[in-house]
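> One file: start14.tsv (TSV, C-alpha atoms).
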```tsv
chain	number	residue	atom	x	y	z
A	32	MET	CA	90.00	97.68	113.03
A	33	GLY	CA	87.46	99.29	110.73
A	34	VAL	CA	88.10	100.04	107.07
A	35	ILE	CA	88.05	103.82	107.52
A	36	ARG	CA	90.36	103.68	110.52
A	37	ALA	CA	92.77	101.45	108.58
A	38	ARG	CA	92.80	103.98	105.72
A	39	VAL	CA	93.62	106.82	108.10
A	40	HIS	CA	96.41	104.76	109.67
A	41	CYS	CA	97.79	103.97	106.22
A	42	LYS	CA	97.77	107.64	105.20
A	43	CYS	CA	99.61	108.64	108.37
A	44	LEU	CA	102.17	105.86	107.99
A	45	GLU	CA	102.58	106.79	104.33
A	46	LYS	CA	103.47	110.35	105.39
A	47	LEU	CA	106.10	108.93	107.74
A	48	GLY	CA	107.51	106.76	104.96
A	49	GLY	CA	109.73	109.28	103.19
A	50	GLU	CA	113.38	109.58	104.13
A	51	LEU	CA	113.36	113.38	104.15
A	52	ARG	CA	110.09	113.51	106.11
A	53	LEU	CA	111.65	111.30	108.81
A	54	GLN	CA	114.76	113.49	108.83
A	55	VAL	CA	112.60	116.59	109.24
A	56	LEU	CA	110.70	115.02	112.14
A	57	GLN	CA	113.91	113.94	113.82
A	58	SER	CA	115.44	117.39	113.34
A	59	LEU	CA	112.37	119.09	114.84
A	60	GLN	CA	112.35	116.61	117.71
A	61	GLN	CA	116.01	117.22	118.50
A	62	GLY	CA	116.40	120.89	117.56
A	63	GLY	CA	112.98	122.35	118.28
A	64	ALA	CA	110.98	124.74	116.13
A	65	SER	CA	112.75	125.68	112.90
A	66	SER	CA	112.20	127.56	109.65
A	67	VAL	CA	112.47	125.97	106.22
A	68	ASN	CA	115.87	127.64	105.78
A	69	GLN	CA	117.16	126.24	109.08
A	70	LEU	CA	115.92	122.75	108.29
A	71	SER	CA	117.30	122.95	104.76
A	72	GLU	CA	120.77	123.85	106.07
A	73	ARG	CA	120.66	121.31	108.91
A	74	LEU	CA	119.60	118.49	106.59
A	75	ASP	CA	121.61	119.62	103.55
A	76	ALA	CA	118.47	119.44	101.41
A	77	GLU	CA	116.89	121.78	98.88
A	78	ARG	CA	114.40	124.25	100.34
A	79	SER	CA	111.67	123.09	97.94
A	80	ARG	CA	112.06	119.48	99.06
A	81	VAL	CA	111.95	120.48	102.74
A	82	SER	CA	108.85	122.61	102.10
A	83	HIS	CA	107.15	119.70	100.37
A	84	ALA	CA	108.04	117.35	103.25
A	85	LEU	CA	106.64	119.86	105.75
A	86	HIS	CA	103.45	120.17	103.71
A	87	ASP	CA	102.97	116.39	103.88
A	88	LEU	CA	103.67	116.29	107.61
A	89	ARG	CA	101.27	119.17	108.26
A	90	HIS	CA	98.59	117.34	106.27
A	91	CYS	CA	98.51	114.60	108.92
A	92	ARG	CA	99.10	117.18	111.67
A	93	PHE	CA	102.40	115.73	112.81
A	94	VAL	CA	103.81	119.24	112.39
A	95	VAL	CA	102.31	122.68	112.96
A	96	ALA	CA	103.35	126.05	111.53
A	97	GLU	CA	103.45	129.44	113.19
A	98	LYS	CA	103.99	132.64	111.24
A	99	LYS	CA	105.81	135.54	112.90
A	100	GLY	CA	106.17	138.43	110.51
A	101	ARG	CA	107.67	137.01	107.35
A	102	VAL	CA	109.13	133.89	108.96
A	103	VAL	CA	107.23	130.63	109.34
A	104	THR	CA	108.53	128.21	111.95
A	105	TYR	CA	107.57	124.57	112.14
A	106	ALA	CA	107.41	122.36	115.21
A	107	LEU	CA	106.09	118.99	116.30
A	108	ASN	CA	102.39	119.21	117.06
A	109	LYS	CA	102.09	119.66	120.83
A	110	LYS	CA	98.33	118.99	120.60
A	111	SER	CA	99.32	115.41	119.97
A	112	PRO	CA	101.27	114.78	123.17
A	113	VAL	CA	101.63	111.09	122.49
A	114	PHE	CA	103.27	111.68	119.12
A	115	SER	CA	105.45	114.61	120.21
A	116	SER	CA	106.55	112.74	123.35
A	117	TYR	CA	107.28	109.50	121.54
A	118	ALA	CA	108.83	110.79	118.31
A	119	GLY	CA	112.27	110.06	119.76
A	120	THR	CA	111.08	106.63	120.87
A	121	LEU	CA	109.88	105.93	117.32
A	122	PHE	CA	113.40	106.47	116.00
A	123	SER	CA	114.92	104.37	118.81
A	124	VAL	CA	112.52	101.50	118.10
A	125	LEU	CA	113.31	101.63	114.38
A	126	ASP	CA	117.06	101.74	115.08
A	127	GLU	CA	116.79	98.71	117.36
A	128	HIS	CA	114.69	96.81	114.81
A	129	ILE	CA	117.22	97.51	112.07
A	130	ARG	CA	120.14	96.57	114.34
A	131	THR	CA	118.61	93.27	115.44
A	132	CYS	CA	116.65	92.16	112.39
A	133	CYS	CA	117.97	93.88	109.30
A	134	ALA	CA	121.71	94.45	109.78
A	135	ASP	CA	122.62	91.70	107.32
A	136	ARG	CA	120.13	92.72	104.61
A	137	LYS	CA	121.16	95.23	101.94
A	138	GLU	CA	117.58	96.26	101.20
A	139	CYS	CA	117.18	97.50	104.79
A	140	ARG	CA	120.08	99.94	104.60
```
Represent the structure contained in this file as structure tokens.

Amino acid sequence: MGVIRARVHCKCLEKLGGELRLQVLQSLQQGGASSVNQLSERLDAERSRVSHALHDLRHCRFVVAEKKGRVVTYALNKKSPVFSSYAGTLFSVLDEHIRTCCADRKECR
């Protein structure tokens, strides 16, 4: 893997590293396109934190925004079919890893 490619991978993984960002992705994957207000209520998180998480996810194009009138809705990026199709698989793989390898470790919870 080249140096530049490794940097890009690191940036993308870094954007997936935040707890709220993962919750936002999972919420969009399960509930479909949503506004900041809807995500904020669903995740019981402050609107400003949700907006910041969405900004980070849009930066790596995991999420796209569509403005209709005064409302902006966010959704998983359908132009990345591999990511949008496997977002649920990502969470399943992580859950299985934690269940099998990290269940007895406090730092993994």
> What gap, in Å, lies between CA of Leu44 (chain A) and CA of Cys91 (chain A)?
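Interatomic distance here is 9.5 Å.
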> Between A:Val124, A:Val94, A:Val102, A:Leu51, which one has atoms that come closest to Gln69 (chain A), using all atoms listed in the file?
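When distances to Gln69 (chain A) are compared using all atoms listed in the file, the smallest one comes from A:Val102.
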> In terms of the shortest atom-to-atom distance over all atoms listed in the file, which of A:Asn108, A:Cys43, A:Gly63, A:Gln54 is closest to Asp75 (chain A)?
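Answer, going by the shortest atom-to-atom distance: A:Gln54.
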> Between A:Asp87, A:Glu97, A:Glu77, A:Glu127, which one has atoms that come closest to Gly48 (chain A), using all atoms listed in the file?
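With all atoms listed in the file as the atom set, the closest residue is A:Asp87.
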> For each of A:Val103, A:Leu85, A:Ala96, A:Cys133, take the minimum atom-to-atom distance to Gly49 (chain A), counting all atoms listed in the file, then give the residue where this is smallest.
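Ranked by minimum distance to Gly49 (chain A), first place goes to A:Leu85.
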> Which is closest to Arg92 (chain A) among A:Arg52, A:Arg78, A:His40, A:Lys110, if we use all atoms listed in the file?
A:Lys110
> How far is it from CA of Leu70 (chain A) to CA of Ile129 (chain A), in Å with one decimal?
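Answer for the CA of Leu70 (chain A) to CA of Ile129 (chain A) separation: 25.6 Å.
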> Under the rule that all atoms listed in the file are counted, which of A:Gln61, A:Arg73, A:Asp135, A:Ser79 is the nearest residue to Leu107 (chain A)?
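So, comparing all the options, the nearest one is A:Gln61.
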> Enter the distance from CA of Lys99 (chain A) to CA of Ser82 (chain A), in Å, rounded to one decimal.
17.1 Å
